[in-house]
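Undergrad: start_34.cif is reproduced below (mmCIF, C-alpha atoms and all ligand atoms).
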```cif
data_input
loop_
_atom_site.group_PDB
_atom_site.id
_atom_site.type_symbol
_atom_site.label_atom_id
_atom_site.label_comp_id
_atom_site.auth_asym_id
_atom_site.auth_seq_id
_atom_site.Cartn_x
_atom_site.Cartn_y
_atom_site.Cartn_z
ATOM 1 C CA MET A 1 294.270 26.618 -15.952
ATOM 2 C CA ASN A 2 292.769 24.814 -18.908
ATOM 3 C CA THR A 3 291.165 22.031 -16.930
ATOM 4 C CA ILE A 4 287.373 22.003 -16.595
ATOM 5 C CA ASP A 5 287.721 23.113 -12.974
ATOM 6 C CA GLY A 6 289.898 26.014 -14.114
ATOM 7 C CA VAL A 7 287.408 27.003 -16.803
ATOM 8 C CA ILE A 8 284.574 26.882 -14.279
ATOM 9 C CA ALA A 9 286.503 28.896 -11.670
ATOM 10 C CA THR A 10 287.342 31.600 -14.216
ATOM 11 C CA LEU A 11 283.754 31.849 -15.480
ATOM 12 C CA LEU A 12 282.339 31.849 -11.973
ATOM 13 C CA ASP A 13 284.647 34.660 -10.873
ATOM 14 C CA LYS A 14 283.853 36.735 -13.975
ATOM 15 C CA TRP A 15 280.051 36.436 -13.647
ATOM 16 C CA VAL A 16 279.896 36.716 -9.864
ATOM 17 C CA ARG A 17 281.564 40.122 -10.237
ATOM 18 C CA ARG A 18 279.465 41.232 -13.200
ATOM 19 C CA LEU A 19 276.197 40.262 -11.542
ATOM 20 C CA GLY A 20 277.161 41.759 -8.188
ATOM 21 C CA LEU A 21 276.982 38.483 -6.289
ATOM 22 C CA THR A 22 280.288 38.787 -4.425
ATOM 23 C CA GLU A 23 278.622 38.408 -1.021
ATOM 24 C CA TRP A 24 277.583 34.860 -1.950
ATOM 25 C CA GLU A 25 279.592 31.751 -1.143
ATOM 26 C CA ILE A 26 279.117 29.620 -4.234
ATOM 27 C CA LEU A 27 280.246 26.046 -4.827
ATOM 28 C CA VAL A 28 280.054 24.416 -8.223
ATOM 29 C CA SER A 29 279.913 20.637 -8.622
ATOM 30 C CA ILE A 30 279.728 18.474 -11.696
ATOM 31 C CA VAL A 31 277.153 15.729 -11.302
ATOM 32 C CA ASP A 32 275.763 12.874 -13.403
ATOM 33 C CA SER A 33 272.144 12.880 -14.579
ATOM 34 C CA LYS A 34 271.122 10.580 -11.709
ATOM 35 C CA LYS A 35 272.256 13.061 -9.066
ATOM 36 C CA MET A 36 270.840 15.945 -11.122
ATOM 37 C CA LYS A 37 267.403 14.320 -11.243
ATOM 38 C CA LYS A 38 267.355 14.102 -7.448
ATOM 39 C CA THR A 39 268.035 17.832 -7.176
ATOM 40 C CA ALA A 40 266.129 19.312 -10.112
ATOM 41 C CA ILE A 41 262.460 18.906 -11.008
ATOM 42 C CA SER A 42 263.029 17.911 -14.611
ATOM 43 C CA GLU A 43 265.936 17.012 -16.844
ATOM 44 C CA VAL A 44 268.171 20.056 -16.935
ATOM 45 C CA LYS A 45 271.764 21.008 -17.696
ATOM 46 C CA GLY A 46 272.223 22.720 -14.389
ATOM 47 C CA CYS A 47 270.478 23.734 -11.236
ATOM 48 C CA VAL A 48 271.100 25.742 -8.112
ATOM 49 C CA GLU A 49 270.202 25.308 -4.463
ATOM 50 C CA TYR A 50 270.601 28.256 -2.177
ATOM 51 C CA GLU A 51 270.021 29.631 1.270
ATOM 52 C CA LEU A 52 269.120 33.293 1.151
ATOM 53 C CA PHE A 53 269.972 34.105 4.774
ATOM 54 C CA SER A 54 273.472 32.681 4.764
ATOM 55 C CA HIS A 55 274.088 33.589 1.103
ATOM 56 C CA LYS A 56 275.343 30.093 0.393
ATOM 57 C CA ALA A 57 274.696 28.411 -2.934
ATOM 58 C CA ASN A 58 275.476 25.137 -4.652
ATOM 59 C CA ILE A 59 275.432 25.059 -8.414
ATOM 60 C CA PHE A 60 275.227 21.659 -10.088
ATOM 61 C CA LEU A 61 276.382 21.221 -13.666
ATOM 62 C CA LEU A 62 275.567 18.132 -15.710
ATOM 63 C CA ASP A 63 278.680 16.093 -16.519
ATOM 64 C CA LYS A 64 277.593 15.739 -20.162
ATOM 65 C CA LEU A 65 277.917 19.467 -20.864
ATOM 66 C CA GLU A 66 280.070 20.577 -23.755
ATOM 67 C CA GLU A 67 282.652 23.151 -22.726
ATOM 68 C CA ILE A 68 280.815 25.819 -24.742
ATOM 69 C CA GLU A 69 277.604 25.163 -22.768
ATOM 70 C CA ILE A 70 279.194 25.800 -19.375
ATOM 71 C CA GLU A 71 279.090 29.608 -19.491
ATOM 72 C CA PRO A 72 275.375 29.963 -20.386
ATOM 73 C CA VAL A 73 274.456 27.454 -17.662
ATOM 74 C CA ILE A 74 276.578 29.230 -15.024
ATOM 75 C CA VAL A 75 275.086 32.612 -15.979
ATOM 76 C CA HIS A 76 271.571 31.172 -15.824
ATOM 77 C CA GLU A 77 272.089 29.603 -12.384
ATOM 78 C CA LEU A 78 273.734 32.774 -11.024
ATOM 79 C CA LEU A 79 270.771 34.832 -12.254
ATOM 80 C CA HIS A 80 268.566 32.674 -10.018
ATOM 81 C CA LEU A 81 270.540 34.132 -7.101
ATOM 82 C CA CYS A 82 269.836 37.669 -8.380
ATOM 83 C CA PHE A 83 266.142 36.797 -8.198
ATOM 84 C CA ALA A 84 266.340 35.030 -4.843
ATOM 85 C CA ASP A 85 264.596 37.828 -2.947
ATOM 86 C CA HIS A 86 261.824 38.118 -5.511
ATOM 87 C CA ASP A 87 261.422 34.349 -5.343
ATOM 88 C CA ARG A 88 261.044 34.383 -1.579
ATOM 89 C CA PHE A 89 258.229 36.895 -1.923
ATOM 90 C CA TYR A 90 256.357 34.515 -4.255
ATOM 91 C CA VAL A 91 256.987 31.502 -2.053
ATOM 92 C CA ARG A 92 255.412 33.397 0.868
ATOM 93 C CA ILE A 93 252.329 34.272 -1.164
ATOM 94 C CA ILE A 94 252.001 30.693 -2.368
ATOM 95 C CA ASP A 95 252.291 29.407 1.218
ATOM 96 C CA TYR A 96 249.490 31.762 2.215
ATOM 97 C CA VAL A 97 247.073 30.249 -0.307
ATOM 98 C CA GLY A 98 245.188 27.377 1.301
ATOM 99 C CA ASP A 99 244.079 25.506 -1.801
ATOM 100 C CA GLU A 100 246.711 23.011 -2.974
ATOM 101 C CA ALA A 101 245.600 23.115 -6.620
ATOM 102 C CA VAL A 102 245.919 26.918 -6.640
ATOM 103 C CA GLN A 103 249.310 26.634 -4.929
ATOM 104 C CA GLU A 104 250.474 24.246 -7.621
ATOM 105 C CA LEU A 105 249.196 26.524 -10.394
ATOM 106 C CA LEU A 106 250.879 29.615 -8.899
ATOM 107 C CA ASN A 107 254.094 27.710 -8.393
ATOM 108 C CA LYS A 108 254.132 26.530 -12.001
ATOM 109 C CA MET A 109 253.377 30.053 -13.255
ATOM 110 C CA ARG A 110 256.196 31.459 -11.129
ATOM 111 C CA THR A 111 258.686 28.857 -12.364
ATOM 112 C CA ASP A 112 257.710 29.330 -16.027
ATOM 113 C CA GLN A 113 257.909 33.111 -15.785
ATOM 114 C CA VAL A 114 261.257 33.124 -14.008
ATOM 115 C CA GLU A 115 262.800 30.577 -16.406
ATOM 116 C CA ARG A 116 261.609 32.546 -19.456
ATOM 117 C CA LEU A 117 262.902 35.796 -18.005
ATOM 118 C CA LEU A 118 266.285 34.294 -17.104
ATOM 119 C CA HIS A 119 266.578 32.854 -20.590
ATOM 120 C CA ILE A 120 266.034 36.287 -22.120
ATOM 121 C CA ILE A 121 268.480 37.977 -19.740
ATOM 122 C CA SER A 122 271.238 35.382 -20.015
ATOM 123 C CA SER A 123 270.920 35.255 -23.809
ATOM 124 C CA SER A 124 271.263 39.024 -24.046
ATOM 125 C CA LEU A 125 274.208 39.052 -21.623
ATOM 126 C CA LEU A 126 275.914 36.431 -23.743
ATOM 127 C CA ARG A 127 274.734 38.122 -26.962
ATOM 128 C CA GLU A 128 272.966 35.095 -28.334
ATOM 129 C CA LYS A 129 269.748 35.074 -30.283
ATOM 130 C CA VAL A 130 266.752 34.480 -28.028
HETATM 131 ZN ZN ZN A 201 266.533 28.013 -14.071
#
```
Go ahead and express the file in the form of structure tokens.
Ligand SMILES: [Zn+2]

TA:
Amino acid sequence: MNTIDGVIATLLDKWVRRLGLTEWEILVSIVDSKKMKKTAISEVKGCVEYELFSHKANIFLLDKLEEIEIEPVIVHELLHLCFADHDRFYVRIIDYVGDEAVQELLNKMRTDQVERLLHIISSSLLREKV
């Protein structure tokens, strides 16, 4: 199983178990930057869409990724699922705020904080320098 699909399947299985995400149904697709831009807010190497109730997730990986970059991106996207509940809590608070400018500010703060946190966690899991 040395194809890219095989590499992805092996990494996905390993990290789903380690992160305790076995109840999730997770699909991984490789997409070009055009498709990625439609899904993600900015230019990224990967992104994830999920439904918390059904525990279904789609992870998108950029087709330009080097093989060595696949694992950190998969770990990062899976960590988003670990934080899915926490995220829902924030989304509810943000919805409750009437002012659109405040909503936007809170949303940006939430995204920045989560991304920074996930970077620290995934780097330490993969034993890289932060
Ligand atoms: Zn992220």

Undergrad: Just checking: using all atoms listed in the file, which residue out of A:Phe53, A:Phe83, A:Tyr96, A:Phe60 ends up closest to Lys38 in chain A?

TA: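 That would be A:Phe60, the residue with the smallest distance to Lys38 in chain A.
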
Undergrad: So, counting all atoms listed in the file, which residue among A:Ile41, A:Ala101, A:Leu126, A:Leu27 is closest to Leu61 in chain A?

TA: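 The answer is A:Leu27, which sits nearest to Leu61 in chain A.
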
Undergrad: Can you pull out every residue within 8 Å of Ala84 in chain A, counting all atoms listed in the file, but drop anything in the same chain fewer than 4 positions away, and send it as a PDB file with C-alpha atoms, in the frame of the given file?

TA:
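Output below, filename around.pdb:
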```
ATOM      1  CA  LEU A  52     269.120  33.293   1.151  1.00  0.00           C
ATOM      2  CA  HIS A  80     268.566  32.674 -10.018  1.00  0.00           C
ATOM      3  CA  ARG A  88     261.044  34.383  -1.579  1.00  0.00           C
TER       4      ARG A  88
END
```

Undergrad: Have a look at A:Lys64, A:Lys37, A:His76, A:Lys45 and name the one nearest to Val16 in chain A; count all atoms listed in the file.

TA: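 That would be A:His76, the residue with the smallest distance to Val16 in chain A.
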
Undergrad: Which is closest to ligand ZN 201 (chain A) among A:Gln103, A:Ala9, A:Ile68, A:Cys47, if we use all atoms listed in the file?

TA: A:Cys47

Undergrad: For a quick check of understanding, using only C-alpha atoms and all ligand atoms, which of A:Arg92, A:Lys56, A:Arg127, A:Arg116 has the smallest distance to ligand ZN 201 (chain A)?

TA: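 Smallest separation from ligand ZN 201 (chain A) among the options: A:Arg116.
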
Undergrad: Here's the selection I'm unsure about, the PyMOL selection byres (((chain A and resi 107-114) around 9) and not hetatm); applied to the file above, which residues does it give, as a ChimeraX atom specification?

TA: /A:80,83,87,90-91,94,102-106,115-119

Undergrad: Which value, in Å to one decimal, gives the distance between CA of Asn58 in chain A and CA of Asn2 in chain A?

TA: 22.4 Å

Undergrad: For each of A:Gly46, A:Ser123, A:Arg17, A:Asp5, take the minimum atom-to-atom distance to ligand ZN 201 (chain A), counting all atoms listed in the file, then give the residue where this is smallest.

TA: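 Nearest to ligand ZN 201 (chain A): A:Gly46.
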
Undergrad: Do you have the CA of Ser54 in chain A-CA of Ser29 in chain A distance handy?

TA: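 Between CA of Ser54 in chain A and CA of Ser29 in chain A the gap works out to 19.1 Å.
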
Undergrad: Please, could N, CA and C atoms be added to range 59-71 of chain A and the result written as a compact mmCIF listing (two decimals), keeping the file's coordinate frame?

TA:
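Everything below was put into result03.txt:
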```txt
# COMPACT_ATOMS: atom_id res chain seq x y z
N ILE A 59 275.83 25.19 -7.01
CA ILE A 59 275.43 25.06 -8.41
C ILE A 59 275.86 23.68 -8.90
N PHE A 60 274.92 22.98 -9.54
CA PHE A 60 275.23 21.66 -10.09
C PHE A 60 275.22 21.74 -11.61
N LEU A 61 276.29 21.26 -12.21
CA LEU A 61 276.38 21.22 -13.67
C LEU A 61 276.37 19.76 -14.11
N LEU A 62 275.64 19.50 -15.18
CA LEU A 62 275.57 18.13 -15.71
C LEU A 62 276.92 17.75 -16.32
N ASP A 63 277.35 16.51 -16.04
CA ASP A 63 278.68 16.09 -16.52
C ASP A 63 278.76 15.94 -18.04
N LYS A 64 277.58 15.91 -18.70
CA LYS A 64 277.59 15.74 -20.16
C LYS A 64 277.72 17.06 -20.92
N LEU A 65 277.85 18.15 -20.20
CA LEU A 65 277.92 19.47 -20.86
C LEU A 65 279.15 19.60 -21.74
N GLU A 66 278.94 20.20 -22.91
CA GLU A 66 280.07 20.58 -23.76
C GLU A 66 280.70 21.80 -23.11
N GLU A 67 281.99 22.01 -23.36
CA GLU A 67 282.65 23.15 -22.73
C GLU A 67 281.96 24.48 -23.06
N ILE A 68 281.47 24.59 -24.29
CA ILE A 68 280.82 25.82 -24.74
C ILE A 68 279.47 26.07 -24.02
N GLU A 69 278.90 25.02 -23.47
CA GLU A 69 277.60 25.16 -22.77
C GLU A 69 277.76 25.60 -21.32
N ILE A 70 278.99 25.52 -20.80
CA ILE A 70 279.19 25.80 -19.38
C ILE A 70 278.85 27.25 -19.02
N GLU A 71 279.31 28.19 -19.83
CA GLU A 71 279.09 29.61 -19.49
C GLU A 71 277.59 29.96 -19.43
```
